[in-house]
Amino acid sequence: MNTALQIFREKIPFLHDICQAIGHSILNVIQALGAISLFVLQTLRHCATPPIFIKHILRQFIDIGYYSLPVVGMTALFTGMVLALQSYTGFSRFNAESAIASVVALSITRELSPVLAGLMVAGRVGAAIAAEVGTMRVTEQIDALSTLSVNPMKYLVVPRVIAGTIMLPVLVLIGDIIGVYGGYIVSTHVLGFSSGSYLYQTWQVLENIDVVSGLVKAAVFGFFVTLMGCYHGYNSGRGAQGVGMATTNAVVTASILILIFNYILTQVFFS
Amino acid sequence: MTKRNKIEMTGVYKAFGTKKVLQGVDLNVPVGSSMVIIGGSGTGKSVTLKCVLGLLQADKGSIKVDGMDMIKASTRAREEMMKKFGMLFQGGALFDSLPVWYNVAFGLIHGKDMDKKDARKIATEKLEQVGMGEAIANLYPAELSGGMQKRVALARAIATNPEIIFFDEPTTGLDPIMADVINELIVKCVKDLGATAMTITHDMASARKIADHVAMLHEGKIVWTGPIDDLDNSGSPYVDQFIHGRADGPITDLQSELLKSA
Ligand SMILES: Nc1ncnc2c1ncn2[C@@H]1O[C@H](COP(=O)(O)OP(=O)(O)O)[C@@H](O)[C@H]1O
Ligand SMILES: [Mg+2]
């Protein structure tokens, strides 16, 4: 066994190096998954046991929810508008302009509003959380919390995760309305449809499940965005470099999780 | 008469990856005494304090506080024990999102469930003790100079009147007069409150003022420990070299060897 490995290392060193690198990254990924799972369990446990810092949760509602409104609103508005425009150029070939309202309403509520809002909030909120919590780790403020008999998970992580999980659905609901409105503006003002029939179409095609599935997705995405921000910040490496890396990792992992779970949840809801 | 030990460290090891920092630290701190830890920078003095506090998990050995093993204790028990501690971090570690007074009052409000008004009153008193007036109470830590931040951090560490106080380089970055004020304050905490203190310092004048006992950390071990009066006749070449600040001696030799091998 050992000698085979030695021969392998000596005869084809570069292949050995590649294998070693791959092995290392696989181990790292598994280790990270374990650490994240543990972090999730701890977070959930601390969510369920007192003390809960209510004031901090309210402040995070403002930070995460209210201040994300402009960016989520803009995203939804222009997405709705461009959807109307694109489906018109596509569908006019088949004389199916009336389908535009349905396409806009369904794509916005089911997919685009939750996913795009999730990604935008990952960039805005996830990064900010990672940077803030990471700085607190690096400057020993998290250690200081422990010595002052305050559990850092309860004080820092729980309020952010709760606020993210609750606020993202709210943002997405607002995004739904703005997005549909964006499609409506383009359809009535640019493409010349009657406003009554557009709204009627929208109302006809939308079902509860379309909106609800989008909101459930949003809650899951909000949980992941804030959780990843907290996790990477909490385990930030040392120095400014460590915080920078934590921020990048928070945004990247949150975005990937959003895309993966978007698929999984879509499958759960619509098949 | 021998006093009970407040803190007992036996064979404590701590490594970060392949880097061995503590390699069998043995140290006892009697109740109500003031222990000063000296040693070169990067020898693991701060790590030692953090291991006692449970902020870092020691790899091996036992750390007993009031007879309870902090390494084996449950999280609940350790959190309970934490209420007895106050810690001044080397970098201050003030909460930069909170005003100065709230920083100082933090442990009273959240740890001891005191209401804000009373906590603020105590915070103001503690700030006065470290030579800071009302005017700065509403400022944020980022608006203070380094030395002022250190004093606020000190006020925060002693605000809850803890039984055990750790000071990590309390006088570094202060002018000599303020440093002396802080030294007096530490002595007062130990004498008046009957607290047990562990202080890390490079400042020998400060060490002589506040210490009952001195321990020297070198290469992950306590190489010498004894009462402050024996410091000048320690018989330890490490201590002699350190307190006289000589460049030549056993400490530099070892460090340059380390450099060579690196
Ligand atoms: N969290 C950590 N991760 C990795 N290495 C650390 C960590 N904390 C301290 N170290 C290393 O341990 C050694 C001792 O650090 P420290 O106790 O801060 O020294 P000092 O005696 O100056 O207080 C240093 O070399 C430092 O790089
Ligand atoms: Mg230190």
# chains A, B, ... in the order shown; residues from 1 in each chain; ligands from 1
>>> residues_around(residues="stretch 33-39 of chain B", least_positions_apart="4", cutoff="6 Å", atoms="only C-alpha atoms", output="list in words")
Thr196, Ala197, Met198, Thr199, Ile200, Thr201, Ala211, Asp212, His213, Val214, Ala215, Met216 and Leu217 of chain B
>>> residues_near_ligand(ligand="ligand 1", cutoff="12 Å", atoms="only C-alpha atoms and all ligand atoms", output="JSON, numbers by chain")
{"A": [137, 138, 139, 140, 143, 235, 236, 237, 238, 239, 242], "B": [13, 14, 15, 16, 17, 18, 19, 20, 21, 22, 23, 37, 38, 39, 40, 41, 42, 43, 44, 45, 46, 47, 48, 49, 50, 51, 55, 56, 57, 58, 89, 90, 91, 167, 168, 169, 199, 200, 201, 202, 216, 217, 218, 219, 220, 221]}
>>> interface_residues(of="chain A", to="chain B", cutoff="12 Å", atoms="only C-alpha atoms", output="ChimeraX atom specification")
/A:51-53,132-133,135-152,154-155
>>> select_by_dssp(residues="stretch 39-135 of chain B", states="strand (DSSP E or B)", output="compact mmCIF listing (two decimals) with N, CA, C and O atoms, in the first residue's frame")
# COMPACT_ATOMS: atom_id res chain seq x y z
N LYS B 60 -4.91 20.14 25.69
CA LYS B 60 -4.58 19.13 26.68
C LYS B 60 -4.35 19.83 28.02
O LYS B 60 -4.08 21.02 28.05
N GLY B 61 -4.47 19.09 29.11
CA GLY B 61 -4.20 19.67 30.42
C GLY B 61 -5.47 20.03 31.14
O GLY B 61 -6.58 19.79 30.65
N SER B 62 -5.31 20.59 32.34
CA SER B 62 -6.51 20.99 33.08
C SER B 62 -6.38 22.42 33.56
O SER B 62 -5.30 22.89 33.89
N ILE B 63 -7.50 23.12 33.52
CA ILE B 63 -7.56 24.50 34.00
C ILE B 63 -8.70 24.57 35.00
O ILE B 63 -9.86 24.39 34.64
N LYS B 64 -8.34 24.76 36.28
CA LYS B 64 -9.39 24.81 37.29
C LYS B 64 -9.56 26.22 37.80
O LYS B 64 -8.59 26.90 38.12
N VAL B 65 -10.82 26.66 37.84
CA VAL B 65 -11.15 27.94 38.44
C VAL B 65 -12.09 27.65 39.60
O VAL B 65 -13.14 27.02 39.40
N MET B 68 -13.27 24.16 39.73
CA MET B 68 -14.04 23.55 38.64
C MET B 68 -13.20 23.50 37.37
O MET B 68 -12.59 24.49 36.98
N ASP B 69 -13.17 22.34 36.74
CA ASP B 69 -12.37 22.18 35.53
C ASP B 69 -13.08 22.84 34.35
O ASP B 69 -14.13 22.38 33.90
N PHE B 85 -15.78 36.70 35.83
CA PHE B 85 -14.59 37.23 35.18
C PHE B 85 -14.78 38.63 34.62
O PHE B 85 -15.88 39.01 34.20
N GLY B 86 -13.68 39.37 34.60
CA GLY B 86 -13.63 40.60 33.83
C GLY B 86 -12.37 40.53 33.00
O GLY B 86 -11.37 39.98 33.46
N MET B 87 -12.43 41.03 31.78
CA MET B 87 -11.24 40.92 30.93
C MET B 87 -11.01 42.20 30.16
O MET B 87 -11.92 42.74 29.53
N LEU B 88 -9.79 42.69 30.26
CA LEU B 88 -9.37 43.81 29.42
C LEU B 88 -8.58 43.22 28.26
O LEU B 88 -7.52 42.64 28.47
>>> select_by_dssp(residues="stretch 19-197 of chain B", states="alpha helix (DSSP H)", output="ChimeraX atom specification")
/B:45-53,75-82,100-106,116-129,146-158,176-193
>>> residues_around(residues="stretch 198-212 of chain A", least_positions_apart="5", cutoff="8 Å", atoms="only C-alpha atoms", output="PDB file with N, CA, C and O atoms, in the first residue's frame")
ATOM      1  N   SER A  98     -51.706  38.226 -25.939  1.00  0.00           N
ATOM      2  CA  SER A  98     -52.463  38.167 -24.685  1.00  0.00           C
ATOM      3  C   SER A  98     -51.747  37.333 -23.635  1.00  0.00           C
ATOM      4  O   SER A  98     -52.034  37.413 -22.441  1.00  0.00           O
ATOM      5  N   ALA A 101     -49.336  39.023 -20.268  1.00  0.00           N
ATOM      6  CA  ALA A 101     -49.705  39.248 -18.864  1.00  0.00           C
ATOM      7  C   ALA A 101     -49.433  37.999 -18.040  1.00  0.00           C
ATOM      8  O   ALA A 101     -48.902  38.078 -16.924  1.00  0.00           O
ATOM      9  N   SER A 102     -49.757  36.830 -18.607  1.00  0.00           N
ATOM     10  CA  SER A 102     -49.539  35.582 -17.876  1.00  0.00           C
ATOM     11  C   SER A 102     -48.059  35.332 -17.667  1.00  0.00           C
ATOM     12  O   SER A 102     -47.622  34.963 -16.569  1.00  0.00           O
ATOM     13  N   ALA A 105     -46.706  37.721 -14.986  1.00  0.00           N
ATOM     14  CA  ALA A 105     -47.190  37.437 -13.632  1.00  0.00           C
ATOM     15  C   ALA A 105     -46.567  36.158 -13.083  1.00  0.00           C
ATOM     16  O   ALA A 105     -46.075  36.123 -11.946  1.00  0.00           O
ATOM     17  N   LEU A 106     -46.560  35.109 -13.908  1.00  0.00           N
ATOM     18  CA  LEU A 106     -46.049  33.827 -13.405  1.00  0.00           C
ATOM     19  C   LEU A 106     -44.538  33.856 -13.200  1.00  0.00           C
ATOM     20  O   LEU A 106     -44.037  33.386 -12.172  1.00  0.00           O
ATOM     21  N   THR A 109     -43.693  36.131 -10.023  1.00  0.00           N
ATOM     22  CA  THR A 109     -44.040  35.644  -8.687  1.00  0.00           C
ATOM     23  C   THR A 109     -43.355  34.325  -8.353  1.00  0.00           C
ATOM     24  O   THR A 109     -42.914  34.123  -7.231  1.00  0.00           O
ATOM     25  N   ARG A 110     -43.257  33.437  -9.368  1.00  0.00           N
ATOM     26  CA  ARG A 110     -42.692  32.116  -9.059  1.00  0.00           C
ATOM     27  C   ARG A 110     -41.174  32.127  -8.969  1.00  0.00           C
ATOM     28  O   ARG A 110     -40.592  31.473  -8.118  1.00  0.00           O
ATOM     29  N   LEU A 173     -42.782  40.014  -1.761  1.00  0.00           N
ATOM     30  CA  LEU A 173     -44.190  40.346  -2.019  1.00  0.00           C
ATOM     31  C   LEU A 173     -44.285  41.731  -2.650  1.00  0.00           C
ATOM     32  O   LEU A 173     -45.004  41.937  -3.640  1.00  0.00           O
ATOM     33  N   TYR A 184     -47.055  45.858 -16.607  1.00  0.00           N
ATOM     34  CA  TYR A 184     -48.288  46.579 -16.956  1.00  0.00           C
ATOM     35  C   TYR A 184     -47.968  47.913 -17.637  1.00  0.00           C
ATOM     36  O   TYR A 184     -48.557  48.255 -18.664  1.00  0.00           O
ATOM     37  N   SER A 187     -46.699  47.243 -21.145  1.00  0.00           N
ATOM     38  CA  SER A 187     -47.765  46.727 -22.007  1.00  0.00           C
ATOM     39  C   SER A 187     -48.757  47.812 -22.396  1.00  0.00           C
ATOM     40  O   SER A 187     -49.192  47.882 -23.544  1.00  0.00           O
ATOM     41  N   PHE A 193     -51.547  47.890 -25.160  1.00  0.00           N
ATOM     42  CA  PHE A 193     -52.659  47.056 -24.716  1.00  0.00           C
ATOM     43  C   PHE A 193     -53.603  47.859 -23.854  1.00  0.00           C
ATOM     44  O   PHE A 193     -53.212  48.864 -23.272  1.00  0.00           O
TER      45      PHE A 193
END
>>> residues_around(residues="stretch 112-118 of chain A", least_positions_apart="3", cutoff="8 Å", atoms="only C-alpha atoms", output="ChimeraX atom specification")
/A:72,75-76,79,107-109,121-122,168-169,171-172,175-176,179,214-215,217-218,221-222,225,255,258-259,262
>>> atom_distance(atom1="atom CA of B:Asn233", atom2="atom CA of B:Gly32")
24.5 Å
